[in-house]
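Structure file work.cif (mmCIF, C-alpha atoms and all ligand atoms) follows.
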```cif
data_model
loop_
_atom_site.group_PDB
_atom_site.id
_atom_site.type_symbol
_atom_site.label_atom_id
_atom_site.label_comp_id
_atom_site.auth_asym_id
_atom_site.auth_seq_id
_atom_site.Cartn_x
_atom_site.Cartn_y
_atom_site.Cartn_z
ATOM 1 C CA MET A 28 35.428 8.468 -39.074
ATOM 2 C CA ALA A 29 33.245 5.403 -38.628
ATOM 3 C CA PRO A 30 34.326 4.648 -35.005
ATOM 4 C CA MET A 31 33.502 8.255 -33.983
ATOM 5 C CA VAL A 32 29.980 7.877 -35.345
ATOM 6 C CA THR A 33 29.548 4.625 -33.440
ATOM 7 C CA ILE A 34 30.567 6.278 -30.158
ATOM 8 C CA PHE A 35 28.145 9.160 -30.744
ATOM 9 C CA VAL A 36 25.240 6.809 -31.430
ATOM 10 C CA ALA A 37 26.044 4.700 -28.366
ATOM 11 C CA THR A 38 26.114 7.805 -26.139
ATOM 12 C CA PHE A 39 22.848 9.059 -27.568
ATOM 13 C CA ALA A 40 21.209 5.680 -26.964
ATOM 14 C CA GLY A 41 22.505 5.789 -23.390
ATOM 15 C CA LEU A 42 20.824 9.137 -22.780
ATOM 16 C CA GLY A 43 17.649 7.751 -24.283
ATOM 17 C CA PHE A 44 17.632 5.052 -21.636
ATOM 18 C CA ALA A 45 18.121 7.570 -18.835
ATOM 19 C CA SER A 46 14.813 9.382 -19.304
ATOM 20 C CA PRO A 47 12.467 6.447 -18.529
ATOM 21 C CA PHE A 48 14.263 6.078 -15.184
ATOM 22 C CA ALA A 49 13.615 9.728 -14.352
ATOM 23 C CA GLY A 50 9.956 9.252 -15.276
ATOM 24 C CA ALA A 51 9.675 6.161 -13.063
ATOM 25 C CA GLN A 52 9.978 8.357 -9.978
ATOM 26 C CA GLN A 53 6.505 9.742 -10.681
ATOM 27 C CA PRO A 54 3.855 7.458 -9.156
ATOM 28 C CA SER A 55 1.706 5.534 -11.635
ATOM 29 C CA LEU A 56 -1.235 6.034 -9.299
ATOM 30 C CA ILE A 57 -2.129 8.030 -6.194
ATOM 31 C CA VAL A 58 -4.463 6.498 -3.606
ATOM 32 C CA ALA A 59 -5.981 8.667 -0.888
ATOM 33 C CA LEU A 60 -6.486 7.465 2.670
ATOM 34 C CA LYS A 61 -9.460 9.638 3.483
ATOM 35 C CA ASN A 62 -12.326 9.440 5.996
ATOM 36 C CA HIS A 63 -10.924 6.032 7.042
ATOM 37 C CA LEU A 64 -11.371 4.682 3.505
ATOM 38 C CA PHE A 65 -9.132 3.872 0.586
ATOM 39 C CA GLU A 66 -9.957 6.047 -2.411
ATOM 40 C CA PRO A 67 -10.295 4.342 -4.833
ATOM 41 C CA VAL A 68 -11.257 1.156 -3.017
ATOM 42 C CA LEU A 69 -10.262 -0.894 -6.075
ATOM 43 C CA VAL A 70 -6.650 -0.156 -6.927
ATOM 44 C CA GLU A 71 -5.680 -1.371 -10.402
ATOM 45 C CA VAL A 72 -1.997 -1.647 -11.222
ATOM 46 C CA LYS A 73 0.454 -3.487 -13.406
ATOM 47 C CA PRO A 74 3.696 -5.120 -12.295
ATOM 48 C CA GLY A 75 6.404 -2.459 -12.138
ATOM 49 C CA ASP A 76 3.968 0.330 -11.218
ATOM 50 C CA THR A 77 4.480 2.700 -8.310
ATOM 51 C CA ILE A 78 1.623 3.702 -5.991
ATOM 52 C CA ARG A 79 1.716 6.675 -3.662
ATOM 53 C CA PHE A 80 -0.627 6.598 -0.679
ATOM 54 C CA ASP A 81 -1.548 10.040 0.659
ATOM 55 C CA ASN A 82 -3.033 10.194 4.134
ATOM 56 C CA ALA A 83 -5.608 12.997 4.035
ATOM 57 C CA ASP A 84 -6.895 12.208 7.531
ATOM 58 C CA ASP A 85 -5.715 13.562 10.850
ATOM 59 C CA THR A 86 -5.148 10.021 12.168
ATOM 60 C CA LEU A 87 -2.415 7.478 11.549
ATOM 61 C CA HIS A 88 -3.100 4.746 8.964
ATOM 62 C CA SER A 89 -1.117 1.672 8.013
ATOM 63 C CA LEU A 90 -0.753 -0.461 4.893
ATOM 64 C CA THR A 91 -0.427 -4.249 4.723
ATOM 65 C CA LEU A 92 -0.796 -6.409 1.623
ATOM 66 C CA LEU A 93 -2.177 -9.710 2.907
ATOM 67 C CA GLY A 94 -0.112 -12.669 1.782
ATOM 68 C CA ARG A 95 2.488 -10.386 0.221
ATOM 69 C CA GLU A 96 3.960 -8.704 3.255
ATOM 70 C CA ASP A 97 7.279 -8.739 1.384
ATOM 71 C CA VAL A 98 5.770 -6.078 -0.915
ATOM 72 C CA ILE A 99 3.903 -4.090 1.756
ATOM 73 C CA GLY A 100 4.571 -5.183 5.313
ATOM 74 C CA GLU A 101 3.079 -2.933 7.943
ATOM 75 C CA GLU A 102 3.861 0.544 6.713
ATOM 76 C CA PHE A 103 2.629 3.508 8.718
ATOM 77 C CA VAL A 104 1.418 6.634 6.949
ATOM 78 C CA ASP A 105 1.435 9.713 9.167
ATOM 79 C CA PRO A 106 -1.461 12.186 9.106
ATOM 80 C CA GLY A 107 -0.843 14.412 6.093
ATOM 81 C CA GLY A 108 2.025 12.161 5.010
ATOM 82 C CA SER A 109 2.671 9.851 2.082
ATOM 83 C CA TYR A 110 4.109 6.414 1.492
ATOM 84 C CA THR A 111 5.171 5.078 -1.897
ATOM 85 C CA ILE A 112 5.316 1.409 -2.818
ATOM 86 C CA HIS A 113 6.661 -0.331 -5.885
ATOM 87 C CA ILE A 114 4.840 -3.331 -7.353
ATOM 88 C CA PRO A 115 7.561 -5.845 -8.258
ATOM 89 C CA ALA A 116 7.922 -6.595 -11.968
ATOM 90 C CA GLU A 117 7.583 -10.333 -11.217
ATOM 91 C CA MET A 118 4.394 -9.977 -9.141
ATOM 92 C CA ALA A 119 1.741 -12.514 -10.176
ATOM 93 C CA PRO A 120 -1.438 -10.978 -11.612
ATOM 94 C CA GLY A 121 -4.469 -11.375 -9.369
ATOM 95 C CA THR A 122 -6.503 -9.724 -6.649
ATOM 96 C CA TYR A 123 -4.906 -9.004 -3.296
ATOM 97 C CA GLU A 124 -6.315 -7.502 -0.117
ATOM 98 C CA LEU A 125 -4.866 -4.267 1.148
ATOM 99 C CA ASP A 126 -5.649 -3.492 4.784
ATOM 100 C CA CYS A 127 -5.126 -0.787 7.325
ATOM 101 C CA THR A 128 -4.251 -2.787 10.443
ATOM 102 C CA ILE A 129 -5.309 0.069 12.724
ATOM 103 C CA HIS A 130 -8.890 0.344 11.407
ATOM 104 C CA VAL A 131 -10.408 -3.110 10.835
ATOM 105 C CA ASP A 132 -13.026 -1.934 8.322
ATOM 106 C CA MET A 133 -10.521 -0.027 6.225
ATOM 107 C CA ARG A 134 -9.802 -2.302 3.273
ATOM 108 C CA ALA A 135 -9.119 -2.116 -0.444
ATOM 109 C CA LYS A 136 -8.573 -4.554 -3.280
ATOM 110 C CA LEU A 137 -5.337 -4.431 -5.183
ATOM 111 C CA LEU A 138 -5.895 -5.768 -8.685
ATOM 112 C CA VAL A 139 -2.616 -6.576 -10.412
ATOM 113 C CA ARG A 140 -3.164 -6.868 -14.137
ATOM 114 C CA GLU A 141 -1.013 -8.540 -16.766
ATOM 115 C CA ARG A 142 1.874 -6.373 -17.807
HETATM 116 CU CU CU B 1 -6.522 3.388 8.968
#
```
For this file, produce the structure as structure tokens.
Amino acid sequence: MAPMVTIFVATFAGLGFASPFAGAQQPSLIVALKNHLFEPVLVEVKPGDTIRFDNADDTLHSLTLLGREDVIGEEFVDPGGSYTIHIPAEMAPGTYELDCTIHVDMRAKLLVRER
């Protein structure tokens, strides 16, 4: 009987691991692109977080993370559309500048905290 119990426990543990993955598809944070501003203008995240940018304007916006274009290159967000980015688990904590390359005054700070 003992091997059967072991298999059951292993399967149960496997299911337990599946649910955090399903939850990870929900963004950790939603940032609005509204009136040609980032809202909030200070975006606080942790490595591994997911951010969804919602363009509430009727104009095109773009997203670039200065110095970390490998994380956010130049991503265009259509009017009324969304774009989701994932902060890499190995991303160094610190403050980064997030720009819309279309509108020069449209900037935000991305503050990556310790995990
Ligand atoms: Cu813009």
Review point. By how many Å are CA of Pro74 (chain A) and CA of Leu56 (chain A) apart?
Key: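 Computing it gives 12.6 Å between the two atoms.
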Please tabulate, as a Markdown table, the residues of chain A that come within 12 Å of ligand CU 1 (chain B), each with its closest pair of atoms and the distance in Å to one decimal, counting all atoms listed in the file and ordering rows by chain, then residue number upward.
```
| residue | atom | partner | partner_atom | distance |
| --- | --- | --- | --- | --- |
| A:Ala59 | CA | B:CU1 | CU | 11.2 |
| A:Leu60 | CA | B:CU1 | CU | 7.5 |
| A:Lys61 | CA | B:CU1 | CU | 8.8 |
| A:Asn62 | CA | B:CU1 | CU | 8.9 |
| A:His63 | CA | B:CU1 | CU | 5.5 |
| A:Leu64 | CA | B:CU1 | CU | 7.4 |
| A:Phe65 | CA | B:CU1 | CU | 8.8 |
| A:Phe80 | CA | B:CU1 | CU | 11.8 |
| A:Asp81 | CA | B:CU1 | CU | 11.7 |
| A:Asn82 | CA | B:CU1 | CU | 9.0 |
| A:Ala83 | CA | B:CU1 | CU | 10.8 |
| A:Asp84 | CA | B:CU1 | CU | 8.9 |
| A:Asp85 | CA | B:CU1 | CU | 10.4 |
| A:Thr86 | CA | B:CU1 | CU | 7.5 |
| A:Leu87 | CA | B:CU1 | CU | 6.3 |
| A:His88 | CA | B:CU1 | CU | 3.7 |
| A:Ser89 | CA | B:CU1 | CU | 5.8 |
| A:Leu90 | CA | B:CU1 | CU | 8.0 |
| A:Thr91 | CA | B:CU1 | CU | 10.7 |
| A:Glu101 | CA | B:CU1 | CU | 11.5 |
| A:Glu102 | CA | B:CU1 | CU | 11.0 |
| A:Phe103 | CA | B:CU1 | CU | 9.2 |
| A:Val104 | CA | B:CU1 | CU | 8.8 |
| A:Asp105 | CA | B:CU1 | CU | 10.2 |
| A:Pro106 | CA | B:CU1 | CU | 10.2 |
| A:Leu125 | CA | B:CU1 | CU | 11.1 |
| A:Asp126 | CA | B:CU1 | CU | 8.1 |
| A:Cys127 | CA | B:CU1 | CU | 4.7 |
| A:Thr128 | CA | B:CU1 | CU | 6.7 |
| A:Ile129 | CA | B:CU1 | CU | 5.2 |
| A:His130 | CA | B:CU1 | CU | 4.6 |
| A:Val131 | CA | B:CU1 | CU | 7.8 |
| A:Asp132 | CA | B:CU1 | CU | 8.4 |
| A:Met133 | CA | B:CU1 | CU | 5.9 |
| A:Arg134 | CA | B:CU1 | CU | 8.7 |
| A:Ala135 | CA | B:CU1 | CU | 11.2 |
```
Report task. Kindly resolve the PyMOL selection byres (((chain A and resi 121) around 8) and not hetatm) on the present coordinates and return the residues as a list in words. Result ->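 With the PyMOL selection byres (((chain A and resi 121) around 8) and not hetatm) on this model, the match is Ala119, Pro120, Thr122, Tyr123, Leu138, Val139 and Arg140 of chain A.
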What is the distance between CA of Lys73 (chain A) and CA of Ser109 (chain A), in Å to one decimal?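 Separating CA of Lys73 (chain A) from CA of Ser109 (chain A) is a distance of 20.6 Å.
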Distance CA of Ile112 (chain A)-CA of Ile78 (chain A), one decimal place?
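Separating CA of Ile112 (chain A) from CA of Ile78 (chain A) is a distance of 5.4 Å.
Candidate residues A:Asp76, A:Glu71, A:Glu66, A:Glu96 were compared for distance to Ile114 (chain A), and the nearest is A:Asp76, using all atoms listed in the file.
Distance annotation: of A:Val70, A:Ile99, A:Val58, A:Met118, the residue with the minimal separation from Leu137 (chain A) is A:Val70; atom set is only C-alpha atoms.
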A:Thr77, A:His113, A:Leu92, A:Pro54 ranked by distance to Lys136 (chain A), top pick (using all atoms listed in the file) |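 Of A:Thr77, A:His113, A:Leu92, A:Pro54, the one nearest Lys136 (chain A), counting all atoms listed in the file, is A:Leu92.
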